[in-house]
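Reproduced below: start14.tsv, with TSV, C-alpha atoms.
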```tsv
chain	number	residue	atom	x	y	z
A	1	MET	CA	42.34	23.76	31.95
A	2	ARG	CA	41.16	26.23	29.31
A	3	GLY	CA	40.00	29.70	30.35
A	4	LEU	CA	38.51	32.60	28.43
A	5	VAL	CA	40.59	35.79	28.22
A	6	PHE	CA	40.04	39.22	26.67
A	7	LEU	CA	42.67	40.31	24.14
A	8	GLY	CA	41.19	43.72	23.43
A	9	ASP	CA	39.49	45.16	20.36
A	10	GLN	CA	36.59	42.73	20.89
A	11	GLN	CA	38.84	39.68	20.60
A	12	VAL	CA	38.72	36.71	22.99
A	13	GLU	CA	40.86	33.61	23.31
A	14	LEU	CA	40.71	30.26	25.06
A	15	ARG	CA	44.06	29.93	26.81
A	16	GLU	CA	45.62	27.10	28.78
A	17	PHE	CA	45.99	27.68	32.53
A	18	PRO	CA	47.28	25.33	35.22
A	19	ASP	CA	44.56	23.59	37.19
A	20	PRO	CA	44.30	25.52	40.49
A	21	LYS	CA	45.52	23.97	43.74
A	22	PRO	CA	44.14	25.29	47.04
A	23	GLY	CA	46.44	26.69	49.69
A	24	PRO	CA	45.58	27.34	53.34
A	25	GLY	CA	42.07	28.76	53.69
A	26	GLU	CA	41.32	28.24	49.99
A	27	VAL	CA	39.03	26.04	47.95
A	28	VAL	CA	38.68	24.99	44.33
A	29	VAL	CA	35.19	25.39	42.92
A	30	ALA	CA	34.14	23.32	39.92
A	31	ILE	CA	32.26	25.89	37.87
A	32	ARG	CA	28.78	24.98	36.68
A	33	ALA	CA	27.66	28.43	35.46
A	34	SER	CA	29.38	31.78	34.92
A	35	GLY	CA	27.31	34.85	34.08
A	36	MET	CA	27.99	37.63	31.59
A	37	CYS	CA	27.84	41.17	32.97
A	38	GLY	CA	27.74	44.60	31.36
A	39	SER	CA	30.96	45.53	33.17
A	40	ASP	CA	32.71	42.83	31.07
A	41	LEU	CA	32.38	45.02	27.99
A	42	ARG	CA	35.03	47.55	28.99
A	43	PRO	CA	37.86	44.97	29.29
A	44	TYR	CA	36.42	43.20	26.23
A	45	GLN	CA	37.22	46.39	24.32
A	46	ARG	CA	40.50	47.29	26.01
A	47	GLY	CA	41.98	43.87	26.69
A	48	GLN	CA	42.86	41.96	29.82
A	49	SER	CA	44.87	38.94	28.85
A	50	ASN	CA	46.53	37.91	32.12
A	51	PHE	CA	43.56	36.40	33.91
A	52	VAL	CA	40.57	34.17	33.26
A	53	THR	CA	37.51	36.38	32.79
A	54	GLY	CA	34.13	36.07	34.51
A	55	HIS	CA	33.01	37.52	37.84
A	56	GLU	CA	29.68	35.73	38.30
A	57	PRO	CA	30.86	32.24	39.30
A	58	CYS	CA	28.69	29.45	40.64
A	59	GLY	CA	29.49	25.76	41.10
A	60	VAL	CA	30.36	23.04	43.59
A	61	VAL	CA	33.20	22.67	46.08
A	62	ALA	CA	35.70	20.30	44.45
A	63	GLU	CA	38.79	20.55	46.68
A	64	ARG	CA	39.76	22.15	49.99
A	65	GLY	CA	43.07	23.51	51.20
A	66	PRO	CA	44.60	23.16	54.68
A	67	GLY	CA	42.50	24.66	57.46
A	68	VAL	CA	39.21	24.60	55.54
A	69	THR	CA	36.75	22.54	57.55
A	70	ASP	CA	33.80	20.47	56.44
A	71	ALA	CA	31.58	22.94	58.26
A	72	GLN	CA	32.93	25.78	56.11
A	73	ALA	CA	32.88	24.10	52.72
A	74	PRO	CA	31.60	20.53	52.43
A	75	LEU	CA	32.88	18.77	49.33
A	76	GLY	CA	30.18	18.80	46.66
A	77	GLN	CA	28.30	21.72	48.21
A	78	ARG	CA	26.53	23.98	45.70
A	79	VAL	CA	27.93	27.49	46.14
A	80	MET	CA	27.86	31.04	44.86
A	81	VAL	CA	31.13	32.96	45.02
A	82	HIS	CA	31.57	36.52	46.32
A	83	HIS	CA	34.06	37.44	43.62
A	84	TYR	CA	36.75	39.25	45.61
A	85	TRP	CA	40.00	38.48	47.41
A	86	GLY	CA	40.86	40.62	50.47
A	87	CYS	CA	42.93	40.37	53.63
A	88	GLY	CA	40.08	38.67	55.47
A	89	THR	CA	40.74	40.47	58.75
A	90	CYS	CA	40.07	44.21	58.27
A	91	LYS	CA	36.77	45.74	59.32
A	92	HIS	CA	35.28	45.59	55.82
A	93	CYS	CA	36.33	42.01	55.11
A	94	ARG	CA	34.96	40.90	58.48
A	95	ILE	CA	31.45	42.13	57.61
A	96	GLY	CA	31.52	40.57	54.15
A	97	TYR	CA	32.44	43.67	52.09
A	98	THR	CA	35.74	42.22	50.88
A	99	GLN	CA	35.74	44.55	47.85
A	100	MET	CA	36.32	47.42	50.30
A	101	CYS	CA	39.34	45.79	52.00
A	102	VAL	CA	41.50	48.52	53.54
A	103	HIS	CA	44.61	46.76	52.19
A	104	GLY	CA	43.20	46.53	48.67
A	105	SER	CA	41.21	43.78	47.04
A	106	ARG	CA	41.54	41.67	43.92
A	107	VAL	CA	38.56	41.04	41.68
A	108	MET	CA	37.95	37.62	40.17
A	109	GLY	CA	37.77	37.98	36.43
A	110	SER	CA	40.01	41.05	36.21
A	111	SER	CA	42.87	41.06	38.75
A	112	ALA	CA	42.51	37.38	39.70
A	113	ASN	CA	41.30	34.38	37.74
A	114	GLY	CA	37.53	34.27	37.31
A	115	GLY	CA	34.76	31.88	36.49
A	116	ASN	CA	35.01	31.44	32.71
A	117	ALA	CA	36.96	28.21	33.12
A	118	PRO	CA	36.15	24.77	34.53
A	119	TYR	CA	37.78	25.48	37.92
A	120	LEU	CA	38.16	28.53	40.15
A	121	LEU	CA	40.44	29.12	43.12
A	122	ALA	CA	38.67	31.13	45.85
A	123	PRO	CA	38.95	31.97	49.55
A	124	ALA	CA	36.71	29.69	51.61
A	125	THR	CA	35.24	32.83	53.17
A	126	SER	CA	33.92	33.94	49.77
A	127	LEU	CA	31.54	30.99	49.42
A	128	VAL	CA	27.80	31.33	49.99
A	129	PRO	CA	25.59	28.22	49.82
A	130	LEU	CA	23.29	28.08	46.81
A	131	PRO	CA	19.77	26.99	47.83
A	132	GLU	CA	18.62	23.77	46.20
A	133	GLU	CA	15.62	25.59	44.74
A	134	LEU	CA	17.88	27.75	42.53
A	135	SER	CA	19.69	26.63	39.39
A	136	PHE	CA	23.39	27.24	38.84
A	137	PRO	CA	22.68	30.00	36.26
A	138	GLU	CA	20.40	31.70	38.78
A	139	GLY	CA	23.16	31.46	41.36
A	140	ALA	CA	25.58	32.99	38.88
A	141	ALA	CA	23.17	35.89	38.31
A	142	ILE	CA	22.91	36.54	42.05
A	143	SER	CA	26.72	36.45	42.30
A	144	CYS	CA	26.86	39.85	40.58
A	145	GLY	CA	24.04	41.39	38.52
A	146	THR	CA	20.99	40.31	40.50
A	147	GLY	CA	22.79	40.69	43.81
A	148	THR	CA	23.92	44.19	42.83
A	149	ALA	CA	20.33	45.13	42.00
A	150	TYR	CA	19.07	43.69	45.29
A	151	SER	CA	21.65	45.60	47.33
A	152	ALA	CA	20.80	48.87	45.57
A	153	LEU	CA	17.07	48.38	46.17
A	154	LYS	CA	17.79	47.84	49.87
A	155	ARG	CA	19.85	51.05	49.97
A	156	LEU	CA	16.87	52.85	48.43
A	157	GLY	CA	14.44	51.24	50.88
A	158	VAL	CA	12.10	50.31	48.03
A	159	SER	CA	8.59	49.26	49.08
A	160	GLY	CA	5.03	49.11	47.84
A	161	ARG	CA	4.69	52.86	48.50
A	162	ASP	CA	7.18	53.70	45.76
A	163	THR	CA	7.25	54.40	42.08
A	164	LEU	CA	10.77	53.45	41.01
A	165	ALA	CA	12.37	54.54	37.72
A	166	VAL	CA	15.15	52.19	36.56
A	167	PHE	CA	17.50	53.70	33.97
A	168	GLY	CA	18.96	50.96	31.75
A	169	GLN	CA	17.35	47.58	31.20
A	170	GLY	CA	20.47	45.53	30.72
A	171	PRO	CA	21.19	42.59	33.06
A	172	VAL	CA	21.34	44.65	36.28
A	173	GLY	CA	18.43	46.90	35.34
A	174	LEU	CA	16.24	43.97	34.39
A	175	ALA	CA	17.03	42.28	37.70
A	176	ALA	CA	16.17	45.50	39.53
A	177	THR	CA	12.86	45.70	37.65
A	178	GLN	CA	12.02	42.10	38.54
A	179	LEU	CA	12.99	42.36	42.21
A	180	ALA	CA	11.43	45.79	42.83
A	181	THR	CA	8.16	44.60	41.35
A	182	VAL	CA	8.11	41.70	43.80
A	183	MET	CA	8.91	44.18	46.60
A	184	GLY	CA	5.68	45.94	45.63
A	185	ALA	CA	7.02	48.96	43.78
A	186	ARG	CA	5.52	50.37	40.62
A	187	VAL	CA	8.45	50.24	38.20
A	188	ILE	CA	9.13	52.47	35.19
A	189	GLY	CA	11.80	50.95	32.95
A	190	VAL	CA	13.90	53.32	30.83
A	191	ASP	CA	15.91	52.09	27.84
A	192	PRO	CA	16.47	53.06	24.19
A	193	LEU	CA	16.08	49.49	22.89
A	194	ALA	CA	12.63	48.07	22.19
A	195	GLU	CA	13.75	44.50	22.96
A	196	ARG	CA	14.92	45.46	26.43
A	197	ARG	CA	11.79	47.48	27.15
A	198	GLU	CA	9.77	44.42	26.21
A	199	LEU	CA	11.84	42.26	28.58
A	200	ALA	CA	11.24	44.86	31.32
A	201	THR	CA	7.50	44.61	30.75
A	202	GLN	CA	7.66	40.82	30.94
A	203	LEU	CA	9.53	41.08	34.25
A	204	GLY	CA	6.91	43.35	35.79
A	205	ALA	CA	7.50	46.96	34.72
A	206	ALA	CA	4.23	48.90	34.91
A	207	ALA	CA	5.44	51.30	32.20
A	208	THR	CA	8.48	51.78	29.99
A	209	VAL	CA	10.09	54.85	28.45
A	210	ASP	CA	11.96	54.96	25.14
A	211	SER	CA	14.89	57.22	25.98
A	212	SER	CA	15.90	57.40	22.31
A	213	SER	CA	12.71	59.16	21.23
A	214	GLU	CA	11.41	61.07	24.27
A	215	ASN	CA	12.77	62.99	27.22
A	216	PRO	CA	12.77	60.40	30.01
A	217	VAL	CA	12.49	63.02	32.77
A	218	ASP	CA	9.38	64.53	31.21
A	219	ALA	CA	7.92	61.07	30.58
A	220	ILE	CA	8.51	59.98	34.18
A	221	ARG	CA	6.94	63.17	35.52
A	222	GLU	CA	3.94	62.61	33.29
A	223	LEU	CA	3.57	59.12	34.75
A	224	THR	CA	3.81	60.47	38.33
A	225	HIS	CA	1.35	63.37	38.36
A	226	GLY	CA	4.11	65.85	37.57
A	227	GLU	CA	6.10	65.06	40.71
A	228	GLY	CA	8.80	62.61	39.61
A	229	ALA	CA	9.57	59.13	40.88
A	230	ASP	CA	9.87	58.38	44.58
A	231	ALA	CA	13.13	56.58	43.86
A	232	THR	CA	15.40	56.28	40.83
A	233	LEU	CA	18.19	53.85	39.98
A	234	ASP	CA	20.89	54.24	37.33
A	235	CYS	CA	22.25	50.97	35.94
A	236	THR	CA	23.90	52.46	32.84
A	237	GLY	CA	27.09	54.30	33.77
A	238	ASN	CA	26.05	56.82	31.12
A	239	ALA	CA	26.58	60.49	32.05
A	240	GLU	CA	23.28	61.70	30.59
A	241	ALA	CA	21.30	58.88	32.20
A	242	ARG	CA	22.95	59.60	35.55
A	243	ALA	CA	21.96	63.24	35.36
A	244	ASN	CA	18.42	62.23	34.40
A	245	CYS	CA	18.35	59.82	37.33
A	246	ALA	CA	18.69	62.81	39.66
A	247	LYS	CA	16.35	65.03	37.66
A	248	ALA	CA	13.59	62.40	37.50
A	249	ALA	CA	13.36	61.96	41.28
A	250	ARG	CA	10.67	63.93	43.09
A	251	PRO	CA	11.34	66.42	45.91
A	252	TRP	CA	12.46	64.47	49.02
A	253	GLY	CA	13.15	61.53	46.69
A	254	ARG	CA	16.08	59.11	46.54
A	255	ALA	CA	18.50	58.34	43.71
A	256	CYS	CA	20.98	55.46	43.57
A	257	PHE	CA	23.86	54.81	41.17
A	258	VAL	CA	25.36	51.39	40.40
A	259	GLY	CA	26.59	51.81	36.79
A	260	GLU	CA	30.42	51.78	36.82
A	261	GLN	CA	32.96	54.10	35.17
A	262	GLY	CA	32.60	57.54	33.61
A	263	THR	CA	31.41	60.82	35.07
A	264	ALA	CA	28.22	62.80	35.56
A	265	THR	CA	27.33	66.48	35.93
A	266	PHE	CA	24.43	67.56	38.11
A	267	ASP	CA	22.78	70.96	38.27
A	268	MET	CA	23.18	70.96	42.03
A	269	THR	CA	20.70	73.63	43.07
A	270	PRO	CA	17.50	72.56	41.27
A	271	ASP	CA	18.25	68.85	40.89
A	272	VAL	CA	19.80	68.02	44.26
A	273	ILE	CA	19.83	70.74	46.91
A	274	HIS	CA	16.44	72.39	46.44
A	275	LYS	CA	14.79	68.99	46.02
A	276	GLN	CA	16.39	67.75	49.27
A	277	LEU	CA	17.45	64.71	47.24
A	278	THR	CA	19.14	61.77	48.93
A	279	MET	CA	21.83	60.20	46.72
A	280	TYR	CA	23.40	56.78	47.18
A	281	GLY	CA	26.29	54.96	45.62
A	282	SER	CA	25.98	51.18	45.79
A	283	TRP	CA	28.88	48.82	45.00
A	284	THR	CA	27.81	45.22	44.50
A	285	PHE	CA	26.99	43.62	47.89
A	286	SER	CA	28.33	41.75	50.90
A	287	THR	CA	28.38	38.00	51.46
A	288	VAL	CA	25.47	38.52	53.86
A	289	LEU	CA	23.39	40.28	51.19
A	290	LEU	CA	24.37	37.63	48.64
A	291	ALA	CA	22.81	34.97	50.86
A	292	GLU	CA	19.84	37.21	51.64
A	293	CYS	CA	19.12	37.84	47.96
A	294	ALA	CA	19.09	34.09	47.26
A	295	ARG	CA	16.71	33.44	50.16
A	296	PHE	CA	14.47	36.34	49.07
A	297	ALA	CA	14.19	34.81	45.60
A	298	VAL	CA	13.40	31.35	46.96
A	299	ASP	CA	10.84	32.47	49.54
A	300	ARG	CA	8.96	34.55	46.99
A	301	GLU	CA	9.38	32.03	44.16
A	302	ILE	CA	10.91	34.64	41.84
A	303	PRO	CA	11.78	33.16	38.42
A	304	LEU	CA	15.28	34.62	38.24
A	305	ARG	CA	15.88	32.45	35.17
A	306	ASN	CA	13.68	34.85	33.22
A	307	VAL	CA	16.46	37.45	33.08
A	308	PHE	CA	18.42	35.07	30.82
A	309	THR	CA	17.90	35.06	27.09
A	310	GLU	CA	21.02	33.11	26.02
A	311	SER	CA	23.34	30.35	27.24
A	312	PHE	CA	26.75	29.39	25.83
A	313	THR	CA	29.77	27.19	26.38
A	314	ILE	CA	33.20	28.81	26.63
A	315	ASP	CA	33.92	27.44	23.15
A	316	ASP	CA	31.25	29.92	22.00
A	317	GLY	CA	33.00	32.80	23.79
A	318	GLU	CA	33.77	34.88	20.71
A	319	ALA	CA	30.21	34.72	19.36
A	320	ALA	CA	28.74	35.20	22.83
A	321	PHE	CA	30.55	38.46	23.54
A	322	ARG	CA	30.02	39.75	20.02
A	323	LYS	CA	26.27	39.32	20.47
A	324	PHE	CA	26.33	40.70	24.02
A	325	SER	CA	28.32	43.80	23.06
A	326	ALA	CA	25.85	44.50	20.24
A	327	ARG	CA	23.09	44.54	22.90
A	328	GLU	CA	21.18	41.93	20.93
A	329	MET	CA	20.29	39.92	24.04
A	330	GLY	CA	19.38	40.21	27.70
A	331	LYS	CA	21.58	38.34	30.16
A	332	GLY	CA	23.82	35.51	29.01
A	333	VAL	CA	25.54	32.69	30.89
A	334	PHE	CA	28.30	30.19	30.20
A	335	VAL	CA	27.39	26.68	31.34
A	336	PHE	CA	29.75	23.81	32.19
A	337	TYR	CA	27.40	20.79	32.43
```

Final structure tokens representation of the file:
Amino acid sequence: MRGLVFLGDQQVELREFPDPKPGPGEVVVAIRASGMCGSDLRPYQRGQSNFVTGHEPCGVVAERGPGVTDAQAPLGQRVMVHHYWGCGTCKHCRIGYTQMCVHGSRVMGSSANGGNAPYLLAPATSLVPLPEELSFPEGAAISCGTGTAYSALKRLGVSGRDTLAVFGQGPVGLAATQLATVMGARVIGVDPLAERRELATQLGAAATVDSSSENPVDAIRELTHGEGADATLDCTGNAEARANCAKAARPWGRACFVGEQGTATFDMTPDVIHKQLTMYGSWTFSTVLLAECARFAVDREIPLRNVFTESFTIDDGEAAFRKFSAREMGKGVFVFY
């Protein structure tokens, strides 16, 4: 089979890989959709040529290894994939947080083969049924970006009482804007790009802030009677945006951080301690939350497809990542049907 790899310096390649064969407790998933995520851009720049890329896989069960029962993974079942390999027996793996395995985990798309190929080898325990009401691209979105947003919103306890400021309106931020709006929150979307602010408005943001031309903290305070947002969420990984995420929260507010990599500096006394600020880190989600996010979307008839602006085949991989890295699109997905 052919799989997409990152060579570094914004170069990609379709490389031949052996078709996967499942061992004990493993399955092969025939990929139908594989999402593009902002966290792909770092290895796209630096290179990562040993594994198939893609950590938002969604498809159907094509083959089962020894010990995998029909009850676990019926052949042909539509599934999302929790994109981690762990020991399967430690306390974190047993509650579905395989990425926190005490023995160390592997991540599909970076330290294990991912979804940007026709077939994916995965632990049977990583599979979560995809409801019939959701498309494969929507399942791919939930398998990382949308699921990550949902988990962060649960950590924040977002409800209709809240004004939520979302820093960054890339794939995860847009999903957070869409989901939080359905949860009843008044959402303020922050982004320097007009196209992304427009997408945020379409997905339900009550207001947007252009962080390239105005101070987002001042703008958020102006929109909240001078107090600041009840809750804030950083989806950028940018040091300045992270600091503003803390500054823009009101006294007794909550701030959550999901953007990977980099650092941040907080003025601890005024921005954290004297505000009695509660701060959360949120790392993707568990298999339980993956299933819960899908059910939430179905029950509330959320058009998750609206976060997508582009679809590609893996033959378009070079053009797809060039466009994605230039931030000329919202969320993209590779399709295999």

Exercise. Can you tell me how far CA of Ser126 (chain A) sits from CA of Ala149 (chain A), in Å to one decimal?
Worked result: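 Spanning CA of Ser126 (chain A) to CA of Ala149 (chain A) is a straight-line distance of 19.2 Å.
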
For this session: Find, counting all atoms listed in the file, the residue in A:Pro303, A:Asn50, A:Ile273, A:Trp85 that gets nearest to Gln99 (chain A).
Result: A:Trp85

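Our summary of the geometry notes that CA of Met279 (chain A) is positioned 5.8 Å from CA of Cys256 (chain A).
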
Exercise. Pick from A:Ser282, A:Ala249, A:Glu318, A:Gln72: nearest to Pro270 (chain A), with only C-alpha atoms counted?
Worked result: A:Ala249

Exercise. Hey, can you check how far CA of Gly115 (chain A) sits from CA of Val5 (chain A)?
Worked result: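 Between CA of Gly115 (chain A) and CA of Val5 (chain A) the gap is 10.8 Å.
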
Problem set entry | Protein, DNA and RNA residues within 12 Å of (23.7, 31.4, 30.5), all atoms listed in the file, as a PyMOL selection string | chain A and resi 32-37+56-58+116+135-141+171+304-314+316-317+320+324+329-337

Expected file: the selected residues, C-alpha atoms, as a PDB file, in the frame of the given file:
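And here is the file that came out, out.pdb:
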```
ATOM      1  CA  ARG A  32      28.780  24.980  36.680  1.00  0.00           C
ATOM      2  CA  ALA A  33      27.660  28.430  35.460  1.00  0.00           C
ATOM      3  CA  SER A  34      29.380  31.780  34.920  1.00  0.00           C
ATOM      4  CA  GLY A  35      27.310  34.850  34.080  1.00  0.00           C
ATOM      5  CA  MET A  36      27.990  37.630  31.590  1.00  0.00           C
ATOM      6  CA  CYS A  37      27.840  41.170  32.970  1.00  0.00           C
ATOM      7  CA  GLU A  56      29.680  35.730  38.300  1.00  0.00           C
ATOM      8  CA  PRO A  57      30.860  32.240  39.300  1.00  0.00           C
ATOM      9  CA  CYS A  58      28.690  29.450  40.640  1.00  0.00           C
ATOM     10  CA  ASN A 116      35.010  31.440  32.710  1.00  0.00           C
ATOM     11  CA  SER A 135      19.690  26.630  39.390  1.00  0.00           C
ATOM     12  CA  PHE A 136      23.390  27.240  38.840  1.00  0.00           C
ATOM     13  CA  PRO A 137      22.680  30.000  36.260  1.00  0.00           C
ATOM     14  CA  GLU A 138      20.400  31.700  38.780  1.00  0.00           C
ATOM     15  CA  GLY A 139      23.160  31.460  41.360  1.00  0.00           C
ATOM     16  CA  ALA A 140      25.580  32.990  38.880  1.00  0.00           C
ATOM     17  CA  ALA A 141      23.170  35.890  38.310  1.00  0.00           C
ATOM     18  CA  PRO A 171      21.190  42.590  33.060  1.00  0.00           C
ATOM     19  CA  LEU A 304      15.280  34.620  38.240  1.00  0.00           C
ATOM     20  CA  ARG A 305      15.880  32.450  35.170  1.00  0.00           C
ATOM     21  CA  ASN A 306      13.680  34.850  33.220  1.00  0.00           C
ATOM     22  CA  VAL A 307      16.460  37.450  33.080  1.00  0.00           C
ATOM     23  CA  PHE A 308      18.420  35.070  30.820  1.00  0.00           C
ATOM     24  CA  THR A 309      17.900  35.060  27.090  1.00  0.00           C
ATOM     25  CA  GLU A 310      21.020  33.110  26.020  1.00  0.00           C
ATOM     26  CA  SER A 311      23.340  30.350  27.240  1.00  0.00           C
ATOM     27  CA  PHE A 312      26.750  29.390  25.830  1.00  0.00           C
ATOM     28  CA  THR A 313      29.770  27.190  26.380  1.00  0.00           C
ATOM     29  CA  ILE A 314      33.200  28.810  26.630  1.00  0.00           C
ATOM     30  CA  ASP A 316      31.250  29.920  22.000  1.00  0.00           C
ATOM     31  CA  GLY A 317      33.000  32.800  23.790  1.00  0.00           C
ATOM     32  CA  ALA A 320      28.740  35.200  22.830  1.00  0.00           C
ATOM     33  CA  PHE A 324      26.330  40.700  24.020  1.00  0.00           C
ATOM     34  CA  MET A 329      20.290  39.920  24.040  1.00  0.00           C
ATOM     35  CA  GLY A 330      19.380  40.210  27.700  1.00  0.00           C
ATOM     36  CA  LYS A 331      21.580  38.340  30.160  1.00  0.00           C
ATOM     37  CA  GLY A 332      23.820  35.510  29.010  1.00  0.00           C
ATOM     38  CA  VAL A 333      25.540  32.690  30.890  1.00  0.00           C
ATOM     39  CA  PHE A 334      28.300  30.190  30.200  1.00  0.00           C
ATOM     40  CA  VAL A 335      27.390  26.680  31.340  1.00  0.00           C
ATOM     41  CA  PHE A 336      29.750  23.810  32.190  1.00  0.00           C
ATOM     42  CA  TYR A 337      27.400  20.790  32.430  1.00  0.00           C
TER      43      TYR A 337
END
```

For this session: Measuring atom to atom with only C-alpha atoms, identify which of A:Glu13, A:Asp191, A:Asp271, A:Glu26 is nearest to Tyr44 (chain A).
Result: A:Glu13

Exercise. Leaving out Arg322 (chain A) and any residue of its chain fewer than 3 positions from it, which residues lie within 10 Å of it when counting all atoms listed in the file, given as a ChimeraX atom specification?
Worked result: /A:10-12,41,44,317-319,325-328

Exercise. In terms of the shortest atom-to-atom distance over only C-alpha atoms, which of A:Pro251, A:Pro131, A:Gly237, A:Gly23 is closest to Val298 (chain A)?
Worked result: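 Among the listed residues, A:Pro131 lies closest to Val298 (chain A).
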
Problem set entry | Among the residues A:Leu4, A:Ala297, A:Val217, A:Val60, the one that comes closest to Gln178 (chain A) [using all atoms listed in the file] | A:Ala297

Exercise. Which one of A:Met108, A:Val102, A:Ile188, A:Val61 sits closest to Cys144 (chain A) if you count all atoms listed in the file?
Worked result: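 Among the listed residues, A:Met108 lies closest to Cys144 (chain A).
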
For this session: Find the residues near region 289-294 of chain A: any atom within 7 Å, counting all atoms listed in the file, skip ones fewer than 6 places away on the same chain, and give them as a PyMOL selection string.
Result: chain A and resi 128+142-143+147+150-151

Problem set entry | Spatial neighbours of Asn244 (chain A), 9 Å, all atoms listed in the file, chain gap at least 2 places, as JSON, numbers by chain | {"A": [167, 216, 217, 234, 239, 240, 241, 242, 246, 247, 248, 249, 266]}

Output file for the residues above (C-alpha atoms, as an mmCIF file, in the coordinates of the input):
```cif
data_model
loop_
_atom_site.group_PDB
_atom_site.id
_atom_site.type_symbol
_atom_site.label_atom_id
_atom_site.label_comp_id
_atom_site.auth_asym_id
_atom_site.auth_seq_id
_atom_site.Cartn_x
_atom_site.Cartn_y
_atom_site.Cartn_z
ATOM 1 C CA PHE A 167 17.500 53.700 33.970
ATOM 2 C CA PRO A 216 12.770 60.400 30.010
ATOM 3 C CA VAL A 217 12.490 63.020 32.770
ATOM 4 C CA ASP A 234 20.890 54.240 37.330
ATOM 5 C CA ALA A 239 26.580 60.490 32.050
ATOM 6 C CA GLU A 240 23.280 61.700 30.590
ATOM 7 C CA ALA A 241 21.300 58.880 32.200
ATOM 8 C CA ARG A 242 22.950 59.600 35.550
ATOM 9 C CA ALA A 246 18.690 62.810 39.660
ATOM 10 C CA LYS A 247 16.350 65.030 37.660
ATOM 11 C CA ALA A 248 13.590 62.400 37.500
ATOM 12 C CA ALA A 249 13.360 61.960 41.280
ATOM 13 C CA PHE A 266 24.430 67.560 38.110
#
```

For this session: Would you kindly return, as a list in words, each protein, DNA or RNA residue with an atom no farther than 7 Å from any atom of Asp210 (chain A), considering all atoms listed in the file and excluding same-chain residues fewer than 3 positions away?
Result: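 Neighbouring residues, sequence-local ones excluded: Val190, Asp191, Pro192, Ser213 and Glu214 of chain A.
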
Residue completion, region 34-45 of chain A, N, CA and C atoms, as an mmCIF file, keeping the file's coordinate frame:
```cif
data_model
loop_
_atom_site.group_PDB
_atom_site.id
_atom_site.type_symbol
_atom_site.label_atom_id
_atom_site.label_comp_id
_atom_site.auth_asym_id
_atom_site.auth_seq_id
_atom_site.Cartn_x
_atom_site.Cartn_y
_atom_site.Cartn_z
ATOM 1 N N SER A 34 28.652 30.526 34.762
ATOM 2 C CA SER A 34 29.380 31.780 34.920
ATOM 3 C C SER A 34 28.679 32.841 34.092
ATOM 4 N N GLY A 35 28.140 33.863 34.755
ATOM 5 C CA GLY A 35 27.310 34.850 34.080
ATOM 6 C C GLY A 35 28.102 35.901 33.325
ATOM 7 N N MET A 36 27.445 36.493 32.334
ATOM 8 C CA MET A 36 27.990 37.630 31.590
ATOM 9 C C MET A 36 27.409 38.916 32.172
ATOM 10 N N CYS A 37 28.246 39.927 32.325
ATOM 11 C CA CYS A 37 27.840 41.170 32.970
ATOM 12 C C CYS A 37 28.228 42.347 32.088
ATOM 13 N N GLY A 38 27.446 43.425 32.154
ATOM 14 C CA GLY A 38 27.740 44.600 31.360
ATOM 15 C C GLY A 38 29.119 45.176 31.636
ATOM 16 N N SER A 39 29.629 45.006 32.864
ATOM 17 C CA SER A 39 30.960 45.530 33.170
ATOM 18 C C SER A 39 32.066 44.722 32.495
ATOM 19 N N ASP A 40 31.729 43.573 31.866
ATOM 20 C CA ASP A 40 32.710 42.830 31.070
ATOM 21 C C ASP A 40 33.071 43.566 29.785
ATOM 22 N N LEU A 41 32.205 44.449 29.323
ATOM 23 C CA LEU A 41 32.380 45.020 27.990
ATOM 24 C C LEU A 41 33.563 45.984 27.909
ATOM 25 N N ARG A 42 33.878 46.643 28.995
ATOM 26 C CA ARG A 42 35.030 47.550 28.990
ATOM 27 C C ARG A 42 36.336 46.777 28.770
ATOM 28 N N PRO A 43 36.644 45.742 29.575
ATOM 29 C CA PRO A 43 37.860 44.970 29.290
ATOM 30 C C PRO A 43 37.784 44.195 27.980
ATOM 31 N N TYR A 44 36.594 43.842 27.541
ATOM 32 C CA TYR A 44 36.420 43.200 26.230
ATOM 33 C C TYR A 44 36.926 44.116 25.121
ATOM 34 N N GLN A 45 36.728 45.419 25.298
ATOM 35 C CA GLN A 45 37.220 46.390 24.320
ATOM 36 C C GLN A 45 38.705 46.666 24.495
#
```
